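Enquirer: Below you will find the structure I want to go over with you.
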Amino acid sequence: MISVLQRVREARVEVDGQVIGQIGHGLLALVCAERGDSQAEADKWLAKMLKLRIFQDEAGKMNKSVVDVAGGLLIVSQFTLAADTSGGNRPSFTQAAPPADGERLYDYVVAQARALHPEVATGRFGADMKVYLMNDGPVTIPLRITPAAVAAGG
């Protein structure tokens with residue numbers, strides 16, 4: 001799984017002009033399942049995201065997680081994170097999981113996040129979404145969990 005995490009003061013997702021997901025202070029997670037990903041990668045990704053210390057402590061150091069600060073999660077599917085731009089000027093998305101697999105893993109991640117965290121909002125898989133955010137910092141962190149890393153225990 002590949003993702004971009006953004007520490008936000010607020011974020012929301014709209015579909016057809018309607019807000020379908022919204023949080024205040026927390027993390028906006030743009031996430032893409034890649035070919036070969038399974039629930040094991042999803043579980044490892046979610047555990048890492050929840051524990052990632054990118055929020056400031058009392059001394060102003062990035063030393064707290066989204067859990068520590070009781071922040072919200074806004075999880076949005078974004079297959080374009082798997083873009084390969086190495087050949088030509090039109091990105092290839094062949095590394096993204098097929099839509100059915102991507103949706104299944106996205107739904108799994110959301111369900112697991114909701115079981116582990118009190119505030120989880122989402123986008124809508126496959127929809128034309130408008131994502132609005134106020135990045136806090138700015139702090140933007142790429143996070144990738146591969147099947148090889150899961151197999152190696154890393």
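Scheme for the structure tokens: letters A, B, ... for chains in order shown; per-chain residue numbers from 1; ligand numbers from 1 in order shown.
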Write out as a PyMOL selection string all residues of region 76-139 of chain A that DSSP puts in strand (DSSP E) for this structure's backbone.
Expert: chain A and resi 76-77+120-122+129-139
Enquirer: Can those selected residues be exported to a file as a PDB file, in the first residue's frame so that it contains C-alpha atoms?
Expert:
```
ATOM      1  CA  VAL A  76      -9.491   8.816   0.902  1.00  0.00           C
ATOM      2  CA  SER A  77      -8.771   6.336  -1.886  1.00  0.00           C
ATOM      3  CA  VAL A 120     -12.825   8.068  11.055  1.00  0.00           C
ATOM      4  CA  ALA A 121     -14.314   9.790   8.015  1.00  0.00           C
ATOM      5  CA  THR A 122     -13.929   8.702   4.403  1.00  0.00           C
ATOM      6  CA  MET A 129     -14.025  13.753  -5.186  1.00  0.00           C
ATOM      7  CA  LYS A 130     -13.015  17.251  -4.206  1.00  0.00           C
ATOM      8  CA  VAL A 131     -10.649  17.184  -1.237  1.00  0.00           C
ATOM      9  CA  TYR A 132     -10.141  20.327   0.825  1.00  0.00           C
ATOM     10  CA  LEU A 133      -7.545  20.590   3.543  1.00  0.00           C
ATOM     11  CA  MET A 134      -5.593  22.969   5.673  1.00  0.00           C
ATOM     12  CA  ASN A 135      -2.189  21.341   6.014  1.00  0.00           C
ATOM     13  CA  ASP A 136      -0.711  21.897   9.475  1.00  0.00           C
ATOM     14  CA  GLY A 137       3.002  22.643   9.376  1.00  0.00           C
ATOM     15  CA  PRO A 138       3.024  21.766   6.532  1.00  0.00           C
ATOM     16  CA  VAL A 139       3.628  18.124   7.367  1.00  0.00           C
TER      17      VAL A 139
END
```
Enquirer: Can you check which residues of chain A DSSP gives as alpha helix (DSSP H) on the backbone and send them as number ranges by chain?
Expert: A: 39-51, 99-116, 147-151
Enquirer: List the spatial neighbours of Ala29 (chain A) as a list in words - criterion: any atom at most 10 Å away, only C-alpha atoms, same-chain residues fewer than 6 positions off excluded.
Expert: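 Answer for this query is Ser3, Val4, Leu5, Gln6, Arg7, Met49, Leu73, Leu74, Ile75, Val76, Ser77, Gln78, Thr122, Thr140, Ile141, Pro142 and Leu143 of chain A.
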Enquirer: Could you please determine the separation between CA of Arg35 (chain A) and CA of Ala97 (chain A) in Å, to one decimal place?
Expert: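 About the pair CA of Arg35 (chain A) and CA of Ala97 (chain A): they are 4.3 Å apart.
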Enquirer: Could you tell me which of A:Cys32, A:Ala70, A:Ile54, A:Ala148 comes closest to Pro98 (chain A) if we count only C-alpha atoms?
Expert: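 With only C-alpha atoms as the atom set, the closest residue is A:Cys32.
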Enquirer: Report the distance between CA of Ala82 (chain A) and CA of Gln22 (chain A) in Å, rounded to one decimal place.
Expert: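 One can read the CA of Ala82 (chain A) to CA of Gln22 (chain A) distance as 24.7 Å.
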Enquirer: Check the smallest atom-to-atom distance from each of A:Met62, A:Leu81, A:Ala111, A:Val69 to Glu34 (chain A) using only C-alpha atoms, then report the winner.
Expert: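 Using only C-alpha atoms, Glu34 (chain A) sits closest to A:Leu81.
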Enquirer: Which of these residues is nearest to Ala33 (chain A), using only C-alpha atoms: A:Val66, A:Ile2, A:Leu46, A:Ala59?
Expert: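 Of A:Val66, A:Ile2, A:Leu46, A:Ala59, the one nearest Ala33 (chain A) is A:Ile2, counting only C-alpha atoms.
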Enquirer: Rank A:Val8, A:Met1, A:Ala40, A:Ile23 by their smallest atom-to-atom distance to Pro118 (chain A), using only C-alpha atoms, and report the top residue only.
Expert: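 Among A:Val8, A:Met1, A:Ala40, A:Ile23, it is A:Ile23 that comes nearest to Pro118 (chain A).
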Enquirer: Counting only C-alpha atoms, figure out which residue out of A:Arg114, A:Arg144, A:Arg104, A:Arg124 gets nearest to Arg12 (chain A).
Expert: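 Using only C-alpha atoms, Arg12 (chain A) sits closest to A:Arg124.
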Enquirer: I want to know what sits within 8 Å of Thr80 (chain A), based on only C-alpha atoms, with residues of the same chain fewer than 3 positions away left out; could you give that as a list in words?
Expert: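 The residues satisfying every condition are Cys32, Ala83, Phe93 and Ala96 of chain A.
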Enquirer: Save out the residues we just selected, N, CA and C atoms, as a compact mmCIF listing (two decimals), in the first residue's frame.
Expert:
```
# COMPACT_ATOMS: atom_id res chain seq x y z
N CYS A 32 -3.61 4.13 -1.62
CA CYS A 32 -3.76 3.34 -2.84
C CYS A 32 -3.29 1.92 -2.58
N ALA A 83 1.09 5.92 -9.74
CA ALA A 83 1.52 6.36 -11.07
C ALA A 83 2.99 6.05 -11.34
N PHE A 93 -0.81 3.49 -14.71
CA PHE A 93 -1.33 3.11 -13.39
C PHE A 93 -1.40 1.60 -13.24
N ALA A 96 -1.32 -0.02 -9.75
CA ALA A 96 -2.48 0.07 -8.85
C ALA A 96 -3.21 -1.26 -8.88
```
Enquirer: List the neighbours of Val150 (chain A) out to 8 Å using only C-alpha atoms; skip same-chain residues closer than 5 positions along the sequence, and give me the result as a PDB file with C-alpha atoms, in the first residue's frame.
Expert:
```pdb
ATOM      1  CA  ALA A  40      -1.491  -8.024   5.773  1.00  0.00           C
ATOM      2  CA  GLU A  41      -0.188  -4.862   4.073  1.00  0.00           C
ATOM      3  CA  LYS A  44       0.696  -3.007   8.791  1.00  0.00           C
ATOM      4  CA  ILE A 145       4.110  -0.880   2.925  1.00  0.00           C
TER       5      ILE A 145
END
```
